[in-house]
Amino acid sequence: MESMSKRKGRNNGEVKPLHLPENSWRYDFRRNWQLYVLFIPVLAYFIIFHYAPMVGLLMAFEKYKPTKGLFGSQWVWFDNFKDLFTGDTFLKVLRNTAAMAFLNLTVGFAAPVILAMLISQLRIKRFTRTVQITSYMPYFVSAVVVTTLASEFLSSTGALTMVLSWFGFDKQNWLANPNMPVFWLINTFIEIWQGAGWGSIIYIAAIANVNGDLHEAAAIDGANRWQRLWRVTFPSILPLIIVMFTMRIGLVFRQGFDKVLLLYMPATYEVSDCLYTYTYRMAFGQTVNYGLSTASGLFQSVIGSVLLIVSNKLSKKLSGTSMI
């Protein structure tokens, strides 16, 4: 005689696995094994390229020598971290990194949101598509080309330098200016020019899905286009903005490393050197120190993870919106 559970499964058009609770992993695997098979390449990718290389973090605690290998080098515990934190330029590098990260996290993050909201107000479809395509294009330009353009436009005879001279600024090579905020602002505006259009895509999609009945109700109540944008559109996409902002915080120290590396010079190390370029020079400069550079990279990863966790908890507590 067939069991009642098996009989019941056949009556519903499916046979449920016996003796397995429906909330168990084995039950889900037996029902959706095809999805698990499709996930195998993704899992292999993350294991090979993301988790397996983490063994190299051992170099942060070693006086690593390529000839001796990862498991044959001298173990120095936290000496590399001591050398990193007590270095002559570490505090300046940390200050520059924090300043550029703050600008990218505020001005740089707000730019795609504002651009998406402005594009949503355009009424001519052909013009809207032209604006969108034009704003996306810089994202596909390589960092080398972007920094070359910046060097040409901001040189002592560059076009932007000439325009600034009309407003009373000196004719100078702005990238060689050693004053504190100049390089930070240049880096921020390059990030905005290249990434604002691409970053606005997700917000444009969210705005397109806002319930039209809300706009109609606001219009009946007398709200104009800009009032509806602020009172209806912005609150509707606010949860998405909070989630994207939380994710951005975790990666804030990694923003623009390639551009900083290509733009800075010894004359501006004081205000342009960041943690990633500092790590790069230690790893591949005149005095190669793999242990110290790995310690620097691990420090940045820990700080990024802590910022991500804290910001996610604060966002969940204050707004009820979080990534998990």
# chains A, B, ... in the order shown; residues from 1 in each chain; ligands from 1
>>> residues_around(residues="Val288 of chain A", least_positions_apart="5", cutoff="12 Å", atoms="only C-alpha atoms", output="VMD selection string")
chain A and resid 63 to 66 279 to 283 293 to 294
>>> closest_atom_pairs(of="segment 267-324 of chain A", to="segment 91-111 of chain A", cutoff="12 Å", atoms="only C-alpha atoms", output="CSV")
residue,atom,partner,partner_atom,distance
A:Thr268,CA,A:Asn96,CA,11.1
A:Tyr269,CA,A:Val93,CA,8.7
A:Glu270,CA,A:Lys92,CA,6.9
A:Val271,CA,A:Asn96,CA,6.0
A:Ser272,CA,A:Asn96,CA,6.3
A:Asp273,CA,A:Val93,CA,5.6
A:Cys274,CA,A:Thr97,CA,4.8
A:Leu275,CA,A:Val93,CA,5.9
A:Tyr276,CA,A:Thr97,CA,8.7
A:Thr277,CA,A:Val93,CA,9.1
A:Tyr278,CA,A:Val93,CA,7.3
A:Thr279,CA,A:Val93,CA,10.2
A:Ser296,CA,A:Leu94,CA,11.0
A:Phe299,CA,A:Leu94,CA,11.3
A:Gln300,CA,A:Leu94,CA,10.2
A:Ile303,CA,A:Ala98,CA,11.4
A:Gly304,CA,A:Ala101,CA,11.3
>>> closest_residue(among="A:Asn177, A:Thr157, A:Gln227, A:Ser135", to="Gly195 of chain A", atoms="only C-alpha atoms")
A:Ser135
>>> atom_distance(atom1="atom CA of Ile192 of chain A", atom2="atom CA of Val145 of chain A")
15.6 Å
>>> select_by_dssp(residues="segment 36-245 of chain A", states="strand (DSSP E or B)", output="list in words")
Glu62, Lys63, Gln74 and Trp75 of chain A
>>> write_last_selection(atoms="C-alpha atoms", output="PDB file, in the first residue's frame")
ATOM      1  CA  GLU A  62      55.524  37.116   6.537  1.00  0.00           C
ATOM      2  CA  LYS A  63      58.763  38.551   5.250  1.00  0.00           C
ATOM      3  CA  GLN A  74      59.933  33.907   7.485  1.00  0.00           C
ATOM      4  CA  TRP A  75      56.900  34.466   9.721  1.00  0.00           C
TER       5      TRP A  75
END
>>> closest_residue(among="A:Ala219, A:Ile201, A:Val37, A:Leu214", to="Ala116 of chain A", atoms="only C-alpha atoms")
A:Ile201
>>> select_by_dssp(residues="segment 12-198 of chain A", states="helix (DSSP H, G or I)", output="ChimeraX atom specification")
/A:25-31,33-61,79-85,90-119,125-140,143-153,159-165,174-176,180-198
>>> residues_around(residues="segment 235-251 of chain A", least_positions_apart="4", cutoff="6 Å", atoms="only C-alpha atoms", output="list in words")
Gly304, Ser305, Leu307, Leu308, Ser311, Asn312 and Ser322 of chain A
>>> write_last_selection(atoms="C-alpha atoms", output="PDB file, in the first residue's frame")
ATOM      1  CA  GLY A 304      35.714  48.511   3.777  1.00  0.00           C
ATOM      2  CA  SER A 305      33.972  45.494   5.332  1.00  0.00           C
ATOM      3  CA  LEU A 307      32.052  50.361   6.908  1.00  0.00           C
ATOM      4  CA  LEU A 308      29.702  48.179   4.877  1.00  0.00           C
ATOM      5  CA  SER A 311      26.270  51.412   7.260  1.00  0.00           C
ATOM      6  CA  ASN A 312      23.916  48.497   6.538  1.00  0.00           C
ATOM      7  CA  SER A 322      18.976  47.237   4.078  1.00  0.00           C
TER       8      SER A 322
END
>>> residues_around(residues="Thr161 of chain A", least_positions_apart="2", cutoff="10 Å", atoms="only C-alpha atoms", output="ChimeraX atom specification")
/A:152-159,163-166,169-174
>>> atom_distance(atom1="atom CA of Val260 of chain A", atom2="atom CA of Leu298 of chain A")
20.1 Å
>>> closest_residue(among="A:Val252, A:Val146, A:Met54, A:Ile47", to="Val306 of chain A", atoms="only C-alpha atoms")
A:Val252
>>> atom_distance(atom1="atom CA of Ser73 of chain A", atom2="atom CA of Leu58 of chain A")
10.0 Å
>>> residues_around(residues="Ile114 of chain A", least_positions_apart="6", cutoff="10 Å", atoms="only C-alpha atoms", output="list of chain:residue names")
A:Ser120, A:Ala196, A:Ser200, A:Tyr203, A:Phe234
>>> closest_atom_pairs(of="segment 180-298 of chain A", to="segment 77-90 of chain A", cutoff="7 Å", atoms="only C-alpha atoms", output="tab-separated table")
residue	atom	partner	partner_atom	distance
A:Gly291	CA	A:Asn80	CA	6.3
A:Leu292	CA	A:Asn80	CA	5.0
A:Ala295	CA	A:Phe81	CA	5.9
A:Ser296	CA	A:Leu84	CA	6.9
>>> decode(residues="segment 270-305 of chain A", atoms="N, CA and C atoms", output="PDB file, in the first residue's frame")
ATOM      1  N   GLU A 270      52.050  64.602  -2.023  1.00  0.00           N
ATOM      2  CA  GLU A 270      51.594  65.086  -0.723  1.00  0.00           C
ATOM      3  C   GLU A 270      50.061  65.097  -0.630  1.00  0.00           C
ATOM      4  N   VAL A 271      49.385  65.385  -1.735  1.00  0.00           N
ATOM      5  CA  VAL A 271      47.928  65.536  -1.703  1.00  0.00           C
ATOM      6  C   VAL A 271      47.203  64.502  -2.570  1.00  0.00           C
ATOM      7  N   SER A 272      47.922  63.716  -3.360  1.00  0.00           N
ATOM      8  CA  SER A 272      47.267  62.795  -4.293  1.00  0.00           C
ATOM      9  C   SER A 272      47.502  61.326  -3.983  1.00  0.00           C
ATOM     10  N   ASP A 273      48.520  61.017  -3.217  1.00  0.00           N
ATOM     11  CA  ASP A 273      48.832  59.617  -2.939  1.00  0.00           C
ATOM     12  C   ASP A 273      47.750  59.004  -2.063  1.00  0.00           C
ATOM     13  N   CYS A 274      47.161  57.885  -2.507  1.00  0.00           N
ATOM     14  CA  CYS A 274      46.121  57.203  -1.744  1.00  0.00           C
ATOM     15  C   CYS A 274      46.621  55.816  -1.340  1.00  0.00           C
ATOM     16  N   LEU A 275      45.815  55.093  -0.593  1.00  0.00           N
ATOM     17  CA  LEU A 275      46.256  53.810  -0.063  1.00  0.00           C
ATOM     18  C   LEU A 275      46.602  52.815  -1.161  1.00  0.00           C
ATOM     19  N   TYR A 276      45.833  52.810  -2.242  1.00  0.00           N
ATOM     20  CA  TYR A 276      46.086  51.844  -3.305  1.00  0.00           C
ATOM     21  C   TYR A 276      47.361  52.182  -4.071  1.00  0.00           C
ATOM     22  N   THR A 277      47.596  53.453  -4.360  1.00  0.00           N
ATOM     23  CA  THR A 277      48.836  53.821  -5.049  1.00  0.00           C
ATOM     24  C   THR A 277      50.039  53.638  -4.128  1.00  0.00           C
ATOM     25  N   TYR A 278      49.840  53.905  -2.850  1.00  0.00           N
ATOM     26  CA  TYR A 278      50.890  53.684  -1.860  1.00  0.00           C
ATOM     27  C   TYR A 278      51.268  52.205  -1.815  1.00  0.00           C
ATOM     28  N   THR A 279      50.238  51.344  -1.827  1.00  0.00           N
ATOM     29  CA  THR A 279      50.474  49.900  -1.839  1.00  0.00           C
ATOM     30  C   THR A 279      51.168  49.478  -3.129  1.00  0.00           C
ATOM     31  N   TYR A 280      50.731  50.044  -4.235  1.00  0.00           N
ATOM     32  CA  TYR A 280      51.317  49.707  -5.539  1.00  0.00           C
ATOM     33  C   TYR A 280      52.801  50.057  -5.575  1.00  0.00           C
ATOM     34  N   ARG A 281      53.162  51.212  -5.078  1.00  0.00           N
ATOM     35  CA  ARG A 281      54.571  51.614  -5.093  1.00  0.00           C
ATOM     36  C   ARG A 281      55.420  50.726  -4.196  1.00  0.00           C
ATOM     37  N   MET A 282      54.851  50.316  -3.065  1.00  0.00           N
ATOM     38  CA  MET A 282      55.611  49.443  -2.165  1.00  0.00           C
ATOM     39  C   MET A 282      55.829  48.068  -2.773  1.00  0.00           C
ATOM     40  N   ALA A 283      54.859  47.602  -3.555  1.00  0.00           N
ATOM     41  CA  ALA A 283      54.961  46.268  -4.134  1.00  0.00           C
ATOM     42  C   ALA A 283      55.857  46.237  -5.354  1.00  0.00           C
ATOM     43  N   PHE A 284      55.852  47.323  -6.154  1.00  0.00           N
ATOM     44  CA  PHE A 284      56.568  47.294  -7.425  1.00  0.00           C
ATOM     45  C   PHE A 284      57.535  48.467  -7.593  1.00  0.00           C
ATOM     46  N   GLY A 285      57.869  49.137  -6.501  1.00  0.00           N
ATOM     47  CA  GLY A 285      58.815  50.248  -6.572  1.00  0.00           C
ATOM     48  C   GLY A 285      60.252  49.769  -6.516  1.00  0.00           C
ATOM     49  N   GLN A 286      61.141  50.675  -6.125  1.00  0.00           N
ATOM     50  CA  GLN A 286      62.568  50.340  -6.057  1.00  0.00           C
ATOM     51  C   GLN A 286      62.837  49.321  -4.954  1.00  0.00           C
ATOM     52  N   THR A 287      62.149  49.464  -3.832  1.00  0.00           N
ATOM     53  CA  THR A 287      62.294  48.505  -2.737  1.00  0.00           C
ATOM     54  C   THR A 287      61.010  47.689  -2.649  1.00  0.00           C
ATOM     55  N   VAL A 288      61.057  46.488  -3.196  1.00  0.00           N
ATOM     56  CA  VAL A 288      59.867  45.641  -3.242  1.00  0.00           C
ATOM     57  C   VAL A 288      59.635  45.009  -1.876  1.00  0.00           C
ATOM     58  N   ASN A 289      58.421  45.201  -1.353  1.00  0.00           N
ATOM     59  CA  ASN A 289      58.066  44.634  -0.054  1.00  0.00           C
ATOM     60  C   ASN A 289      56.661  44.057  -0.166  1.00  0.00           C
ATOM     61  N   TYR A 290      56.570  42.797  -0.548  1.00  0.00           N
ATOM     62  CA  TYR A 290      55.267  42.173  -0.760  1.00  0.00           C
ATOM     63  C   TYR A 290      54.476  42.053   0.539  1.00  0.00           C
ATOM     64  N   GLY A 291      55.174  41.785   1.645  1.00  0.00           N
ATOM     65  CA  GLY A 291      54.479  41.640   2.921  1.00  0.00           C
ATOM     66  C   GLY A 291      53.805  42.924   3.354  1.00  0.00           C
ATOM     67  N   LEU A 292      54.522  44.041   3.206  1.00  0.00           N
ATOM     68  CA  LEU A 292      53.977  45.336   3.598  1.00  0.00           C
ATOM     69  C   LEU A 292      52.807  45.743   2.705  1.00  0.00           C
ATOM     70  N   SER A 293      52.933  45.488   1.408  1.00  0.00           N
ATOM     71  CA  SER A 293      51.852  45.845   0.489  1.00  0.00           C
ATOM     72  C   SER A 293      50.612  44.982   0.740  1.00  0.00           C
ATOM     73  N   THR A 294      50.815  43.693   1.060  1.00  0.00           N
ATOM     74  CA  THR A 294      49.680  42.831   1.378  1.00  0.00           C
ATOM     75  C   THR A 294      49.014  43.271   2.666  1.00  0.00           C
ATOM     76  N   ALA A 295      49.803  43.710   3.637  1.00  0.00           N
ATOM     77  CA  ALA A 295      49.235  44.224   4.881  1.00  0.00           C
ATOM     78  C   ALA A 295      48.383  45.456   4.618  1.00  0.00           C
ATOM     79  N   SER A 296      48.836  46.315   3.714  1.00  0.00           N
ATOM     80  CA  SER A 296      48.065  47.500   3.354  1.00  0.00           C
ATOM     81  C   SER A 296      46.752  47.111   2.680  1.00  0.00           C
ATOM     82  N   GLY A 297      46.801  46.165   1.757  1.00  0.00           N
ATOM     83  CA  GLY A 297      45.582  45.716   1.096  1.00  0.00           C
ATOM     84  C   GLY A 297      44.601  45.076   2.060  1.00  0.00           C
ATOM     85  N   LEU A 298      45.108  44.275   3.015  1.00  0.00           N
ATOM     86  CA  LEU A 298      44.241  43.647   4.013  1.00  0.00           C
ATOM     87  C   LEU A 298      43.608  44.693   4.914  1.00  0.00           C
ATOM     88  N   PHE A 299      44.378  45.712   5.270  1.00  0.00           N
ATOM     89  CA  PHE A 299      43.841  46.806   6.086  1.00  0.00           C
ATOM     90  C   PHE A 299      42.685  47.504   5.379  1.00  0.00           C
ATOM     91  N   GLN A 300      42.830  47.772   4.088  1.00  0.00           N
ATOM     92  CA  GLN A 300      41.762  48.420   3.328  1.00  0.00           C
ATOM     93  C   GLN A 300      40.527  47.531   3.232  1.00  0.00           C
ATOM     94  N   SER A 301      40.734  46.233   3.054  1.00  0.00           N
ATOM     95  CA  SER A 301      39.596  45.321   2.959  1.00  0.00           C
ATOM     96  C   SER A 301      38.825  45.259   4.269  1.00  0.00           C
ATOM     97  N   VAL A 302      39.548  45.235   5.378  1.00  0.00           N
ATOM     98  CA  VAL A 302      38.896  45.188   6.690  1.00  0.00           C
ATOM     99  C   VAL A 302      38.101  46.473   6.928  1.00  0.00           C
ATOM    100  N   ILE A 303      38.711  47.626   6.609  1.00  0.00           N
ATOM    101  CA  ILE A 303      38.015  48.900   6.795  1.00  0.00           C
ATOM    102  C   ILE A 303      36.758  48.953   5.928  1.00  0.00           C
ATOM    103  N   GLY A 304      36.869  48.520   4.665  1.00  0.00           N
ATOM    104  CA  GLY A 304      35.714  48.511   3.777  1.00  0.00           C
ATOM    105  C   GLY A 304      34.605  47.605   4.288  1.00  0.00           C
ATOM    106  N   SER A 305      34.976  46.419   4.810  1.00  0.00           N
ATOM    107  CA  SER A 305      33.972  45.494   5.332  1.00  0.00           C
ATOM    108  C   SER A 305      33.279  46.067   6.564  1.00  0.00           C
TER     109      SER A 305
END
